[in-house]
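Shown here: query_19.cif, mmCIF, C-alpha atoms and all ligand atoms.
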```cif
data_final
#
loop_
_atom_site.group_PDB
_atom_site.id
_atom_site.type_symbol
_atom_site.label_atom_id
_atom_site.label_comp_id
_atom_site.auth_asym_id
_atom_site.auth_seq_id
_atom_site.Cartn_x
_atom_site.Cartn_y
_atom_site.Cartn_z
ATOM 1 C CA MET O 149 118.352 223.065 -37.130
ATOM 2 C CA SER O 150 120.474 220.016 -36.267
ATOM 3 C CA LYS O 151 118.959 216.696 -35.259
ATOM 4 C CA ALA O 152 121.240 216.661 -32.213
ATOM 5 C CA SER O 153 119.775 219.961 -31.125
ATOM 6 C CA GLN O 154 116.232 218.708 -31.650
ATOM 7 C CA LYS O 155 116.993 215.699 -29.482
ATOM 8 C CA ARG O 156 118.607 217.899 -26.793
ATOM 9 C CA ASP O 157 115.533 220.075 -26.879
ATOM 10 C CA SER O 158 113.052 217.345 -26.167
ATOM 11 C CA THR O 159 115.170 215.612 -23.502
ATOM 12 C CA SER O 160 115.956 218.825 -21.646
ATOM 13 C CA ALA O 161 112.295 219.831 -21.663
ATOM 14 C CA GLN O 162 111.305 216.433 -20.275
ATOM 15 C CA ALA O 163 114.015 216.555 -17.587
ATOM 16 C CA SER O 164 112.908 220.034 -16.622
ATOM 17 C CA GLU O 165 109.293 218.960 -16.215
ATOM 18 C CA ALA O 166 110.260 215.805 -14.283
ATOM 19 C CA ALA O 167 112.312 217.670 -11.662
ATOM 20 C CA PRO O 168 110.828 218.142 -8.181
ATOM 21 C CA THR O 169 108.462 221.056 -7.706
ATOM 22 C CA ALA O 170 109.791 224.022 -5.795
ATOM 23 C CA ASP O 171 108.072 224.541 -2.468
ATOM 24 C CA VAL O 172 107.087 228.134 -2.874
ATOM 25 C CA SER O 173 103.870 230.076 -2.649
ATOM 26 C CA LYS O 174 102.601 231.351 -5.982
ATOM 27 C CA ALA O 175 100.748 234.062 -4.127
ATOM 28 C CA LEU O 176 103.921 235.190 -2.375
ATOM 29 C CA LEU O 177 105.887 235.375 -5.615
ATOM 30 C CA LEU O 178 103.165 237.517 -7.144
ATOM 31 C CA GLU O 179 102.955 239.655 -4.013
ATOM 32 C CA VAL O 180 106.687 240.388 -4.316
ATOM 33 C CA TYR O 181 106.142 241.407 -7.932
ATOM 34 C CA HIS O 182 103.236 243.715 -7.161
ATOM 35 C CA ARG O 183 105.083 245.394 -4.324
ATOM 36 C CA LEU O 184 108.157 245.992 -6.497
ATOM 37 C CA TYR O 185 106.018 247.335 -9.330
ATOM 38 C CA GLU O 186 104.205 249.664 -6.979
ATOM 39 C CA ARG O 187 107.518 250.864 -5.571
ATOM 40 C CA TYR O 188 109.507 251.347 -8.802
ATOM 41 C CA GLY O 189 106.951 251.429 -11.640
ATOM 42 C CA PRO O 190 107.566 250.078 -15.172
ATOM 43 C CA GLN O 191 111.255 249.671 -16.081
ATOM 44 C CA HIS O 192 110.912 249.717 -19.896
ATOM 45 C CA TRP O 193 113.440 246.941 -20.513
ATOM 46 C CA TRP O 194 115.359 246.095 -22.618
ATOM 47 C CA PRO O 195 117.002 249.369 -23.683
ATOM 48 C CA GLY O 196 117.673 248.576 -27.358
ATOM 49 C CA GLU O 197 116.298 249.779 -30.684
ATOM 50 C CA SER O 198 116.479 246.429 -32.484
ATOM 51 C CA PRO O 199 116.819 242.703 -31.708
ATOM 52 C CA LEU O 200 120.463 242.901 -32.836
ATOM 53 C CA GLU O 201 121.199 245.722 -30.408
ATOM 54 C CA THR O 202 119.515 243.731 -27.627
ATOM 55 C CA VAL O 203 121.578 240.635 -28.405
ATOM 56 C CA LEU O 204 124.788 242.685 -28.440
ATOM 57 C CA GLY O 205 123.800 244.350 -25.174
ATOM 58 C CA ALA O 206 123.151 240.945 -23.589
ATOM 59 C CA ILE O 207 126.664 239.794 -24.531
ATOM 60 C CA LEU O 208 128.412 243.046 -23.654
ATOM 61 C CA THR O 209 126.753 243.417 -20.250
ATOM 62 C CA GLN O 210 128.531 240.341 -18.923
ATOM 63 C CA ASN O 211 130.670 241.400 -15.934
ATOM 64 C CA THR O 212 130.186 245.115 -16.411
ATOM 65 C CA ALA O 213 127.805 247.983 -15.660
ATOM 66 C CA TRP O 214 125.250 249.000 -18.268
ATOM 67 C CA THR O 215 126.751 252.477 -18.590
ATOM 68 C CA ASN O 216 129.898 250.848 -20.036
ATOM 69 C CA VAL O 217 127.797 248.821 -22.475
ATOM 70 C CA GLU O 218 126.127 252.019 -23.662
ATOM 71 C CA LYS O 219 129.524 253.492 -24.536
ATOM 72 C CA ALA O 220 130.501 250.415 -26.531
ATOM 73 C CA LEU O 221 127.153 250.394 -28.353
ATOM 74 C CA ALA O 222 127.572 254.106 -29.095
ATOM 75 C CA ASN O 223 130.948 253.315 -30.688
ATOM 76 C CA LEU O 224 129.259 250.709 -32.911
ATOM 77 C CA LYS O 225 126.432 253.073 -33.853
ATOM 78 C CA GLY O 226 128.838 255.922 -34.523
ATOM 79 C CA THR O 227 130.752 253.810 -37.040
ATOM 80 C CA ASP O 228 127.711 252.219 -38.718
ATOM 81 C CA MET O 229 128.617 248.834 -37.302
ATOM 82 C CA LEU O 230 125.193 247.975 -35.924
ATOM 83 C CA SER O 231 124.234 245.467 -38.603
ATOM 84 C CA VAL O 232 124.889 241.784 -39.084
ATOM 85 C CA HIS O 233 126.597 242.485 -42.391
ATOM 86 C CA ALA O 234 128.963 245.088 -40.926
ATOM 87 C CA LEU O 235 129.808 242.990 -37.878
ATOM 88 C CA ARG O 236 130.557 240.025 -40.085
ATOM 89 C CA GLY O 237 132.956 242.051 -42.201
ATOM 90 C CA VAL O 238 134.883 243.825 -39.434
ATOM 91 C CA ALA O 239 138.184 242.343 -38.260
ATOM 92 C CA GLU O 240 138.056 241.035 -34.692
ATOM 93 C CA PRO O 241 140.836 243.348 -33.379
ATOM 94 C CA ASP O 242 139.009 246.374 -34.830
ATOM 95 C CA LEU O 243 135.780 245.238 -33.213
ATOM 96 C CA ALA O 244 137.596 244.737 -29.918
ATOM 97 C CA ALA O 245 138.828 248.339 -30.048
ATOM 98 C CA MET O 246 135.247 249.574 -30.434
ATOM 99 C CA LEU O 247 134.088 247.390 -27.546
ATOM 100 C CA ARG O 248 136.868 248.529 -25.213
ATOM 101 C CA PRO O 249 134.561 250.528 -22.860
ATOM 102 C CA SER O 250 132.626 247.365 -21.986
ATOM 103 C CA GLY O 251 135.698 245.657 -20.475
ATOM 104 C CA TYR O 252 137.064 242.208 -21.419
ATOM 105 C CA PHE O 253 136.848 243.614 -24.924
ATOM 106 C CA ASN O 254 138.965 240.977 -26.669
ATOM 107 C CA ALA O 255 136.830 238.159 -25.266
ATOM 108 C CA LYS O 256 133.637 240.076 -26.005
ATOM 109 C CA ALA O 257 134.698 240.729 -29.597
ATOM 110 C CA ARG O 258 135.247 236.988 -29.992
ATOM 111 C CA LYS O 259 131.790 236.286 -28.518
ATOM 112 C CA VAL O 260 130.063 238.803 -30.785
ATOM 113 C CA LYS O 261 131.853 237.363 -33.797
ATOM 114 C CA ALA O 262 130.853 233.826 -32.765
ATOM 115 C CA PHE O 263 127.180 234.821 -32.594
ATOM 116 C CA ILE O 264 127.290 236.726 -35.894
ATOM 117 C CA ASN O 265 129.067 233.867 -37.656
ATOM 118 C CA TYR O 266 126.469 231.401 -36.341
ATOM 119 C CA LEU O 267 123.656 233.639 -37.559
ATOM 120 C CA TRP O 268 125.303 234.032 -40.929
ATOM 121 C CA ASP O 269 126.080 230.361 -41.429
ATOM 122 C CA CYS O 270 122.751 228.965 -40.184
ATOM 123 C CA TYR O 271 120.241 231.726 -41.000
ATOM 124 C CA HIS O 272 121.918 233.743 -43.778
ATOM 125 C CA GLY O 273 122.234 236.555 -41.236
ATOM 126 C CA GLU O 274 118.443 236.830 -40.747
ATOM 127 C CA MET O 275 117.910 237.622 -37.073
ATOM 128 C CA GLU O 276 114.095 237.559 -37.246
ATOM 129 C CA GLU O 277 114.134 234.095 -38.759
ATOM 130 C CA PHE O 278 116.398 232.825 -35.978
ATOM 131 C CA LEU O 279 114.428 234.418 -33.146
ATOM 132 C CA GLN O 280 111.097 233.013 -34.260
ATOM 133 C CA GLU O 281 112.228 229.432 -33.650
ATOM 134 C CA ASP O 282 110.739 227.297 -30.859
ATOM 135 C CA THR O 283 111.773 228.566 -27.411
ATOM 136 C CA GLU O 284 113.441 225.432 -26.038
ATOM 137 C CA TRP O 285 115.245 224.766 -29.279
ATOM 138 C CA LEU O 286 116.401 228.366 -29.536
ATOM 139 C CA ARG O 287 117.763 228.219 -25.992
ATOM 140 C CA GLU O 288 119.774 225.093 -26.760
ATOM 141 C CA GLU O 289 121.181 226.679 -29.890
ATOM 142 C CA LEU O 290 122.147 229.858 -28.047
ATOM 143 C CA LEU O 291 123.901 227.826 -25.363
ATOM 144 C CA SER O 292 125.881 226.047 -28.069
ATOM 145 C CA ILE O 293 127.384 229.347 -29.292
ATOM 146 C CA TYR O 294 130.714 230.415 -27.810
ATOM 147 C CA GLY O 295 130.349 232.957 -24.998
ATOM 148 C CA ILE O 296 126.615 232.546 -24.400
ATOM 149 C CA GLY O 297 125.734 231.140 -20.989
ATOM 150 C CA GLU O 298 122.337 230.639 -19.394
ATOM 151 C CA GLU O 299 121.743 234.216 -18.244
ATOM 152 C CA THR O 300 122.765 235.685 -21.608
ATOM 153 C CA ALA O 301 120.667 233.110 -23.473
ATOM 154 C CA ASP O 302 117.606 233.976 -21.397
ATOM 155 C CA ASP O 303 118.231 237.716 -21.828
ATOM 156 C CA ILE O 304 118.166 237.122 -25.584
ATOM 157 C CA LEU O 305 115.112 234.861 -25.422
ATOM 158 C CA LEU O 306 113.082 237.216 -23.265
ATOM 159 C CA TYR O 307 114.137 240.643 -24.476
ATOM 160 C CA ALA O 308 115.120 240.065 -28.124
ATOM 161 C CA ALA O 309 112.855 237.154 -29.075
ATOM 162 C CA GLY O 310 109.919 237.898 -26.740
ATOM 163 C CA LYS O 311 109.879 234.321 -25.394
ATOM 164 C CA PRO O 312 108.775 233.473 -21.839
ATOM 165 C CA SER O 313 112.131 232.433 -20.354
ATOM 166 C CA PHE O 314 112.798 233.919 -16.906
ATOM 167 C CA VAL O 315 116.258 235.452 -16.436
ATOM 168 C CA ILE O 316 118.160 234.564 -13.265
ATOM 169 C CA ASP O 317 120.993 236.767 -12.088
ATOM 170 C CA THR O 318 122.896 237.535 -8.898
ATOM 171 C CA TYR O 319 120.310 240.058 -7.732
ATOM 172 C CA THR O 320 117.476 237.564 -8.181
ATOM 173 C CA ARG O 321 119.267 234.877 -6.200
ATOM 174 C CA ARG O 322 120.162 237.257 -3.394
ATOM 175 C CA ILE O 323 116.676 238.719 -3.017
ATOM 176 C CA LEU O 324 114.980 235.319 -3.120
ATOM 177 C CA GLU O 325 117.383 233.875 -0.560
ATOM 178 C CA ARG O 326 116.710 236.758 1.795
ATOM 179 C CA LEU O 327 112.976 236.319 1.314
ATOM 180 C CA ALA O 328 113.344 232.583 2.090
ATOM 181 C CA LEU O 329 111.994 231.869 -1.390
ATOM 182 C CA LYS O 330 114.877 229.654 -2.463
ATOM 183 C CA PRO O 331 114.030 226.681 -4.671
ATOM 184 C CA SER O 332 113.615 223.440 -2.756
ATOM 185 C CA ASP O 333 115.341 221.426 -5.488
ATOM 186 C CA GLY O 334 118.818 222.943 -5.492
ATOM 187 C CA LYS O 335 120.726 226.147 -6.124
ATOM 188 C CA SER O 336 121.398 225.768 -9.819
ATOM 189 C CA TYR O 337 120.379 228.332 -12.397
ATOM 190 C CA GLN O 338 117.700 225.955 -13.649
ATOM 191 C CA ALA O 339 116.295 225.373 -10.144
ATOM 192 C CA TYR O 340 115.771 229.113 -9.722
ATOM 193 C CA GLN O 341 114.279 229.385 -13.183
ATOM 194 C CA ARG O 342 111.887 226.478 -12.522
ATOM 195 C CA LEU O 343 110.706 228.265 -9.405
ATOM 196 C CA PHE O 344 109.461 231.152 -11.555
ATOM 197 C CA HIS O 345 108.252 229.038 -14.470
ATOM 198 C CA ARG O 346 106.172 226.780 -12.254
ATOM 199 C CA ASN O 347 104.693 229.456 -10.063
ATOM 200 C CA LEU O 348 103.946 232.234 -12.511
ATOM 201 C CA PRO O 349 101.955 232.288 -15.751
ATOM 202 C CA ARG O 350 104.224 231.913 -18.817
ATOM 203 C CA ASP O 351 103.734 235.572 -19.622
ATOM 204 C CA VAL O 352 106.426 237.524 -21.494
ATOM 205 C CA SER O 353 105.340 240.921 -20.155
ATOM 206 C CA LEU O 354 105.334 239.664 -16.580
ATOM 207 C CA TYR O 355 108.779 238.030 -16.912
ATOM 208 C CA ASN O 356 110.149 241.116 -18.641
ATOM 209 C CA GLU O 357 109.017 243.460 -15.890
ATOM 210 C CA TYR O 358 109.681 241.124 -12.964
ATOM 211 C CA HIS O 359 113.325 240.554 -13.868
ATOM 212 C CA ALA O 360 113.883 244.266 -14.469
ATOM 213 C CA LEU O 361 112.295 245.106 -11.105
ATOM 214 C CA LEU O 362 114.411 242.550 -9.236
ATOM 215 C CA ASP O 363 117.482 244.056 -10.886
ATOM 216 C CA ARG O 364 116.470 247.554 -9.810
ATOM 217 C CA HIS O 365 115.696 246.416 -6.265
ATOM 218 C CA GLY O 366 119.005 244.551 -6.007
ATOM 219 C CA LYS O 367 120.945 247.604 -7.146
ATOM 220 C CA GLU O 368 119.151 250.215 -5.063
ATOM 221 C CA THR O 369 117.835 248.543 -1.923
ATOM 222 C CA CYS O 370 118.604 244.856 -1.439
ATOM 223 C CA LYS O 371 122.319 245.482 -1.915
ATOM 224 C CA LYS O 372 125.115 243.437 -0.350
ATOM 225 C CA GLU O 373 124.475 245.561 2.716
ATOM 226 C CA PRO O 374 120.688 245.777 2.419
ATOM 227 C CA LEU O 375 118.724 248.921 3.203
ATOM 228 C CA CYS O 376 115.890 247.130 4.988
ATOM 229 C CA ARG O 377 114.281 250.090 6.701
ATOM 230 C CA GLY O 378 111.677 251.354 4.289
ATOM 231 C CA CYS O 379 112.050 248.377 1.917
ATOM 232 C CA CYS O 380 108.772 247.552 0.185
ATOM 233 C CA LEU O 381 109.350 243.841 0.853
ATOM 234 C CA LEU O 382 110.149 244.142 4.563
ATOM 235 C CA GLU O 383 106.853 242.650 5.749
ATOM 236 C CA LEU O 384 107.520 239.546 3.639
ATOM 237 C CA CYS O 385 111.212 239.209 4.436
ATOM 238 C CA PRO O 386 112.641 237.126 7.311
ATOM 239 C CA ARG O 387 116.160 238.464 6.758
ATOM 240 C CA GLY O 388 114.944 242.057 6.782
ATOM 241 C CA ARG O 389 112.862 241.630 9.929
ATOM 242 C CA LEU O 390 115.792 239.952 11.669
ATOM 243 C CA SER O 391 118.169 242.758 10.806
ATOM 244 C CA ILE O 392 115.675 245.400 11.980
ATOM 245 C CA ASP O 393 115.056 243.513 15.273
ATOM 246 C CA THR O 394 118.810 243.146 15.816
ATOM 247 C CA SER O 395 119.493 246.787 15.197
ATOM 248 C CA ASN O 396 116.563 247.824 17.462
ATOM 249 C CA SER O 397 117.827 245.651 20.309
ATOM 250 C CA GLN O 398 121.339 247.120 19.966
ATOM 251 C CA THR O 399 120.004 250.644 20.383
ATOM 252 C CA LEU O 400 118.001 249.822 23.548
HETATM 253 S S1 LIG C 1 113.885 243.729 3.719
HETATM 254 FE FE1 LIG C 1 116.091 243.927 3.449
HETATM 255 S S2 LIG C 1 116.864 241.863 2.978
HETATM 256 FE FE2 LIG C 1 114.627 241.865 2.674
HETATM 257 S S3 LIG C 1 114.320 242.318 0.501
HETATM 258 FE FE3 LIG C 1 114.232 244.275 1.582
HETATM 259 S S4 LIG C 1 116.339 245.082 1.532
HETATM 260 FE FE4 LIG C 1 116.438 242.885 1.009
#
```
Represent the supplied structure as structure tokens.
Ligand code: SF4
Amino acid sequence: MSKASQKRDSTSAQASEAAPTADVSKALLLEVYHRLYERYGPQHWWPGESPLETVLGAILTQNTAWTNVEKALANLKGTDMLSVHALRGVAEPDLAAMLRPSGYFNAKARKVKAFINYLWDCYHGEMEEFLQEDTEWLREELLSIYGIGEETADDILLYAAGKPSFVIDTYTRRILERLALKPSDGKSYQAYQRLFHRNLPRDVSLYNEYHALLDRHGKETCKKEPLCRGCCLLELCPRGRLSIDTSNSQTL
């Protein structure tokens, strides 16, 4: 743990708490969750058999579909590469070849190597030891590693470390905007995350399921061209009601 990181941790936590409160109804945010859960049921995220597999999945899923990540992970499993020790020893070009199905495989091999080297240098390769660190500090450290941005860091925090850090992705932003549940203090990743952190209990199970459900809803229903008729959120959604009213008036 570096002193610089400790300082970053405390200042970022203070800044986060001092930012303006999002103008959003806690009840409405929970109502969205309950409706999604009722519609889709439990999502059983994250699909991974170990914290290492979850971390790798979080890196490999950047800019690609999960089915492609599964193929890359299968390549690693099939060659006994799913350990910190093995990933440290493999040459980057060989790793890139195994990661090819996930796309951007050269960049992703570099990112995986960067994470593994960090873990090796700072924690002797002990993933459990790393993941049990304080949440805010862990997040800062993850963000300092090459190739790990905010969404990937929060994926790792929530699904590998079991820390209450809400994950924001494109689906989440789109659904919230359509529901008129945008944060009142900006459009940044952190503004969206504050909206959830301030209006929901800091509950790992709830964050785990809520993010997975938003992802499912964004893929299946609230797509770029949303399927509003029959959507479980229609009654709560200004954009959905508008599109239904418009389409009804066009058919009259
Ligand atoms: S009603 Fe339409 S726009 Fe609103 S959440 Fe559902 S699919 Fe998305």
Check: Within 9 Å of ligand LIG 1 (chain C), counting all atoms listed in the file: which residues, as number ranges by chain?
Finding: O: 322-327, 365-366, 368-392
Checklist line | Length of the atom CA of O:Ala222 to atom CA of O:Pro249 vector [Å] | finding: 10.0 Å
Next item on the list: Could you list the residues chosen by the PyMOL selection byres (((chain O and resi 259) around 8) and not hetatm) in this structure as number ranges by chain?
Entry: O: 207, 255-258, 260-263, 294-296
Check: For the atom pair atom CA of O:Phe278 and atom CA of O:Met229, what is the interatomic distance in Å to one decimal place?
Finding: 20.2 Å
Item checked: Expected answer as a ChimeraX atom specification: all residues with atoms within 8 Å of (125.9, 237.1, -22.0), only C-alpha atoms -> /O:206-210,295-301,303
Next item on the list: Tell me which residues the PyMOL selection byres (((chain O and resi 225) around 12) and not hetatm) grabs here, as a ChimeraX atom specification.
Entry: /O:196-197,200-201,204,218-224,226-231,234-235,246-247
The centre and edge lengths of an axis-aligned box containing all atoms of stretch 335-340 of chain O present in the file, extended by 4 Å on each side, are to be given in Å to one decimal, as JSON.
```
{"center_x": 118.6, "center_y": 227.2, "center_z": -9.9, "size_x": 13.6, "size_y": 11.7, "size_z": 15.5}
```
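With only C-alpha atoms as the atoms that count, the minimum distance from O:Ala213 to the choices O:Gly251, O:Gln191, O:Thr318, O:Tyr307 is reached by O:Gly251.
Proximity ranking of O:Pro331, O:Gly273, O:Pro190, O:Pro195 relative to O:Leu354 places O:Pro190 first, based on only C-alpha atoms.
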Next item on the list: Starting from the displayed file, determine the output of the PyMOL selection byres (((chain O and resi 315) around 12) and not hetatm) and express the residue list as a ChimeraX atom specification.
Entry: /O:206,297-307,311-314,316-321,337-345,352,354-363
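With distances taken over all atoms listed in the file, O:Leu279 is the one residue among O:Leu279, O:Leu177, O:Asn347, O:Leu184 lying closest to O:Pro199.
Note that the spacing between atom CA of O:Arg236 and atom CA of O:Glu288 amounts to 22.7 Å.
With only C-alpha atoms as the atoms that count, the minimum distance from O:Gly237 to the choices O:Trp268, O:Tyr181, O:Trp214, O:Tyr252 is reached by O:Trp268.
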Next item on the list: Measuring atom to atom with only C-alpha atoms, identify which of O:Asn265, O:Ser332, O:Ser397, O:Thr283 is nearest to O:Ala308.
Entry: O:Thr283
